[in-house]
Amino acid sequence: MLRLEFTLFKVHPCNSDTVTCPCDYVKIVEGDGTTLMDRGCGYSTGVNPSHSWYFLPPVFTTNTNAVDIFFHMDGSGNRAGWSLNWTEVT
(Lines give C-alpha, C1' and ligand atoms only; values in the text may rest on other atoms or scores of the structure.)
Protein backbone atom coordinates (compact mmCIF):
# COMPACT_ATOMS: atom_id res chain seq x y z
CA MET A 1 0.00 0.00 0.00
CA LEU A 2 1.05 3.58 -0.63
CA ARG A 3 0.25 6.91 0.99
CA LEU A 4 0.06 9.85 -1.43
CA GLU A 5 -0.05 13.43 -0.20
CA PHE A 6 0.05 16.48 -2.45
CA THR A 7 2.42 19.19 -1.22
CA LEU A 8 1.47 21.64 -3.99
CA PHE A 9 -1.50 21.71 -6.32
CA LYS A 10 -1.86 24.51 -8.91
CA VAL A 11 -3.57 23.04 -11.96
CA HIS A 12 -5.39 25.56 -14.18
CA PRO A 13 -9.19 25.33 -13.79
CA CYS A 14 -10.12 26.71 -17.19
CA ASN A 15 -13.48 28.48 -17.37
CA SER A 16 -13.55 28.22 -13.54
CA ASP A 17 -14.77 24.63 -13.93
CA THR A 18 -13.32 22.63 -11.05
CA VAL A 19 -16.02 19.98 -11.37
CA THR A 20 -15.22 18.48 -14.79
CA CYS A 21 -11.77 20.10 -15.33
CA PRO A 22 -12.08 20.16 -19.15
CA CYS A 23 -8.61 21.63 -19.84
CA ASP A 24 -5.91 20.67 -17.33
CA TYR A 25 -6.22 17.96 -14.71
CA VAL A 26 -4.53 15.27 -12.65
CA LYS A 27 -6.02 11.78 -12.52
CA ILE A 28 -4.83 8.97 -10.22
CA VAL A 29 -5.62 5.31 -10.88
CA GLU A 30 -4.57 2.41 -8.66
CA GLY A 31 -2.81 -0.65 -10.03
CA ASP A 32 -6.09 -2.60 -9.87
CA GLY A 33 -7.90 -0.01 -12.03
CA THR A 34 -9.66 1.83 -9.19
CA THR A 35 -9.83 5.58 -9.81
CA LEU A 36 -8.66 7.47 -6.73
CA MET A 37 -8.95 10.94 -8.23
CA ASP A 38 -10.71 11.73 -11.48
CA ARG A 39 -9.81 15.04 -13.13
CA GLY A 40 -8.67 17.15 -10.21
CA CYS A 41 -7.90 20.81 -10.90
CA GLY A 42 -7.72 24.07 -8.98
CA TYR A 43 -5.41 25.71 -6.47
CA SER A 44 -4.38 24.58 -3.00
CA THR A 45 -2.62 27.87 -2.26
CA GLY A 46 -3.08 31.50 -3.24
CA VAL A 47 -6.89 31.51 -3.07
CA ASN A 48 -9.33 31.57 -0.20
CA PRO A 49 -10.56 28.05 0.68
CA SER A 50 -14.14 29.27 0.08
CA HIS A 51 -13.29 30.33 -3.51
CA SER A 52 -14.60 28.11 -6.31
CA TRP A 53 -11.03 27.57 -7.62
CA TYR A 54 -9.77 26.16 -4.32
CA PHE A 55 -8.91 22.47 -4.44
CA LEU A 56 -6.65 20.48 -2.14
CA PRO A 57 -6.64 16.78 -3.01
CA PRO A 58 -7.13 14.50 -0.03
CA VAL A 59 -4.42 12.20 1.27
CA PHE A 60 -4.81 8.85 -0.47
CA THR A 61 -3.93 5.41 0.87
CA THR A 62 -3.94 2.79 -1.85
CA ASN A 63 -4.89 -0.87 -1.66
CA THR A 64 -2.15 -1.83 -4.15
CA ASN A 65 1.54 -1.05 -4.44
CA ALA A 66 1.24 0.73 -7.81
CA VAL A 67 -0.50 3.86 -9.11
CA ASP A 68 -0.68 5.64 -12.44
CA ILE A 69 -0.70 9.43 -12.28
CA PHE A 70 -1.93 11.16 -15.42
CA PHE A 71 -1.27 14.89 -15.91
CA HIS A 72 -3.17 16.43 -18.81
CA MET A 73 -2.49 19.98 -20.02
CA ASP A 74 -4.06 21.73 -22.98
CA GLY A 75 -1.58 24.64 -22.98
CA SER A 76 -4.18 27.35 -22.33
CA GLY A 77 -2.64 28.47 -19.03
CA ASN A 78 0.67 28.25 -17.22
CA ARG A 79 0.59 27.36 -13.53
CA ALA A 80 3.06 25.83 -11.09
CA GLY A 81 1.66 22.31 -11.51
CA TRP A 82 1.75 19.86 -8.65
CA SER A 83 4.02 17.83 -6.43
CA LEU A 84 3.38 15.02 -4.00
CA ASN A 85 5.10 12.89 -1.45
CA TRP A 86 4.61 9.17 -1.29
CA THR A 87 5.51 6.62 1.32
CA GLU A 88 5.06 2.90 1.69
CA VAL A 89 2.39 1.83 4.16
CA THR A 90 2.92 -1.49 5.90
# chains A, B, ... in the order shown; residues from 1 in each chain; ligands from 1
>>> residues_around(residues="stretch 80-89 of chain A", least_positions_apart="5", cutoff="9 Å", atoms="only C-alpha atoms", output="PyMOL selection string")
chain A and resi 1-12+26+61-62+65
>>> write_last_selection(atoms="all heavy atoms", output="CSV table (one decimal), in the first residue's frame")
chain,number,residue,atom,x,y,z
A,1,MET,N,0.8,-1.2,0.0
A,1,MET,CA,0.0,0.0,0.0
A,1,MET,C,0.9,1.2,0.0
A,1,MET,O,2.0,1.2,0.5
A,1,MET,CB,-0.9,0.0,1.2
A,1,MET,CG,-1.9,-1.1,1.2
A,1,MET,SD,-3.2,-1.1,2.5
A,1,MET,CE,-2.5,-0.3,3.9
A,2,LEU,N,0.3,2.3,-0.5
A,2,LEU,CA,1.1,3.6,-0.6
A,2,LEU,C,0.2,4.7,0.0
A,2,LEU,O,-1.0,4.7,-0.1
A,2,LEU,CB,1.3,3.9,-2.1
A,2,LEU,CG,2.1,2.9,-2.9
A,2,LEU,CD1,2.1,3.3,-4.4
A,2,LEU,CD2,3.6,2.8,-2.4
A,3,ARG,N,0.9,5.7,0.5
A,3,ARG,CA,0.3,6.9,1.0
A,3,ARG,C,0.7,8.0,0.1
A,3,ARG,O,1.9,8.3,-0.1
A,3,ARG,CB,0.6,7.2,2.4
A,3,ARG,CG,0.0,8.4,3.0
A,3,ARG,CD,0.5,8.6,4.5
A,3,ARG,NE,-0.2,9.7,5.1
A,3,ARG,CZ,0.1,11.0,5.1
A,3,ARG,NH1,1.2,11.3,4.3
A,3,ARG,NH2,-0.6,11.9,5.7
A,4,LEU,N,-0.2,8.7,-0.5
A,4,LEU,CA,0.1,9.8,-1.4
A,4,LEU,C,-0.5,11.1,-0.8
A,4,LEU,O,-1.7,11.2,-0.5
A,4,LEU,CB,-0.6,9.6,-2.8
A,4,LEU,CG,-0.4,8.3,-3.5
A,4,LEU,CD1,-1.2,8.2,-4.7
A,4,LEU,CD2,1.1,8.1,-3.8
A,5,GLU,N,0.4,12.1,-0.7
A,5,GLU,CA,0.0,13.4,-0.2
A,5,GLU,C,0.5,14.6,-1.1
A,5,GLU,O,1.7,14.7,-1.2
A,5,GLU,CB,0.4,13.6,1.2
A,5,GLU,CG,0.0,14.9,1.9
A,5,GLU,CD,0.3,15.0,3.3
A,5,GLU,OE1,1.0,14.2,3.9
A,5,GLU,OE2,-0.1,16.0,3.9
A,6,PHE,N,-0.4,15.4,-1.6
A,6,PHE,CA,0.1,16.5,-2.5
A,6,PHE,C,0.6,17.6,-1.6
A,6,PHE,O,0.0,17.9,-0.5
A,6,PHE,CB,-1.1,17.0,-3.3
A,6,PHE,CG,-1.5,16.2,-4.5
A,6,PHE,CD1,-2.3,15.1,-4.4
A,6,PHE,CD2,-0.9,16.4,-5.7
A,6,PHE,CE1,-2.7,14.4,-5.5
A,6,PHE,CE2,-1.2,15.7,-6.8
A,6,PHE,CZ,-2.0,14.6,-6.7
A,7,THR,N,1.8,18.1,-1.9
A,7,THR,CA,2.4,19.2,-1.2
A,7,THR,C,2.2,20.5,-1.9
A,7,THR,O,2.3,21.6,-1.3
A,7,THR,CB,3.9,18.9,-1.1
A,7,THR,OG1,4.5,18.8,-2.4
A,7,THR,CG2,4.2,17.7,-0.2
A,8,LEU,N,1.8,20.5,-3.2
A,8,LEU,CA,1.5,21.6,-4.0
A,8,LEU,C,0.5,21.2,-5.0
A,8,LEU,O,0.6,20.1,-5.6
A,8,LEU,CB,2.7,22.2,-4.7
A,8,LEU,CG,2.5,23.3,-5.7
A,8,LEU,CD1,2.2,24.6,-5.0
A,8,LEU,CD2,3.7,23.5,-6.6
A,9,PHE,N,-0.5,22.0,-5.3
A,9,PHE,CA,-1.5,21.7,-6.3
A,9,PHE,C,-2.0,23.0,-6.9
A,9,PHE,O,-2.7,23.8,-6.3
A,9,PHE,CB,-2.7,20.9,-5.8
A,9,PHE,CG,-3.4,20.2,-6.8
A,9,PHE,CD1,-3.0,18.9,-7.2
A,9,PHE,CD2,-4.5,20.7,-7.5
A,9,PHE,CE1,-3.7,18.2,-8.2
A,9,PHE,CE2,-5.2,20.0,-8.5
A,9,PHE,CZ,-4.8,18.8,-8.8
A,10,LYS,N,-1.5,23.3,-8.1
A,10,LYS,CA,-1.9,24.5,-8.9
A,10,LYS,C,-2.0,24.1,-10.4
A,10,LYS,O,-1.2,24.2,-11.2
A,10,LYS,CB,-0.8,25.6,-8.8
A,10,LYS,CG,-0.8,26.3,-7.4
A,10,LYS,CD,0.1,27.5,-7.4
A,10,LYS,CE,0.1,28.2,-6.1
A,10,LYS,NZ,0.9,29.4,-6.1
A,11,VAL,N,-3.2,23.6,-10.6
A,11,VAL,CA,-3.6,23.0,-12.0
A,11,VAL,C,-4.7,23.9,-12.5
A,11,VAL,O,-5.8,24.0,-11.9
A,11,VAL,CB,-3.9,21.5,-11.9
A,11,VAL,CG1,-4.4,21.0,-13.3
A,11,VAL,CG2,-2.8,20.7,-11.3
A,12,HIS,N,-4.5,24.6,-13.6
A,12,HIS,CA,-5.4,25.6,-14.2
A,12,HIS,C,-6.8,25.1,-14.3
A,12,HIS,O,-7.1,24.1,-15.1
A,12,HIS,CB,-4.8,26.0,-15.5
A,12,HIS,CG,-5.7,27.0,-16.2
A,12,HIS,ND1,-5.9,28.3,-15.7
A,12,HIS,CD2,-6.3,27.0,-17.4
A,12,HIS,CE1,-6.6,29.0,-16.5
A,12,HIS,NE2,-6.9,28.2,-17.6
A,26,VAL,N,-5.3,16.4,-13.1
A,26,VAL,CA,-4.5,15.3,-12.6
A,26,VAL,C,-5.5,14.2,-12.3
A,26,VAL,O,-6.6,14.4,-11.7
A,26,VAL,CB,-3.7,15.6,-11.4
A,26,VAL,CG1,-3.0,14.4,-10.8
A,26,VAL,CG2,-2.7,16.7,-11.7
A,61,THR,N,-4.6,6.6,0.5
A,61,THR,CA,-3.9,5.4,0.9
A,61,THR,C,-4.4,4.3,-0.1
A,61,THR,O,-5.6,4.1,-0.1
A,61,THR,CB,-4.2,5.0,2.3
A,61,THR,OG1,-3.8,6.1,3.2
A,61,THR,CG2,-3.5,3.7,2.7
A,62,THR,N,-3.5,3.8,-0.8
A,62,THR,CA,-3.9,2.8,-1.9
A,62,THR,C,-4.1,1.4,-1.3
A,62,THR,O,-3.6,1.1,-0.2
A,62,THR,CB,-2.9,2.7,-3.0
A,62,THR,OG1,-1.7,2.2,-2.5
A,62,THR,CG2,-2.6,4.1,-3.6
A,65,ASN,N,0.2,-1.7,-4.6
A,65,ASN,CA,1.5,-1.1,-4.4
A,65,ASN,C,1.9,-0.3,-5.7
A,65,ASN,O,3.1,0.0,-5.9
A,65,ASN,CB,2.6,-2.1,-4.1
A,65,ASN,CG,2.8,-3.1,-5.2
A,65,ASN,OD1,2.0,-3.2,-6.1
A,65,ASN,ND2,3.8,-4.0,-5.0
>>> select_by_dssp(residues="chain A", states="strand (DSSP E or B)", output="JSON, numbers by chain")
{"A": [2, 3, 4, 5, 6, 7, 8, 9, 10, 11, 25, 26, 27, 28, 29, 30, 35, 36, 37, 38, 39, 40, 42, 43, 54, 60, 61, 67, 68, 69, 70, 71, 72, 81, 82, 83, 84, 85, 86, 87, 88]}
>>> residues_around(residues="stretch 29-45 of chain A", least_positions_apart="4", cutoff="7 Å", atoms="only C-alpha atoms", output="JSON, numbers by chain")
{"A": [8, 9, 10, 11, 12, 13, 18, 20, 21, 24, 25, 53, 54, 55, 56, 62, 64, 66, 67, 68, 69]}
>>> closest_residue(among="A:Cys14, A:Val19, A:Val59, A:Ile28", to="A:Arg79", atoms="only C-alpha atoms")
A:Cys14
>>> atom_distance(atom1="atom CA of A:Asp17", atom2="atom CA of A:Pro58")
18.8 Å
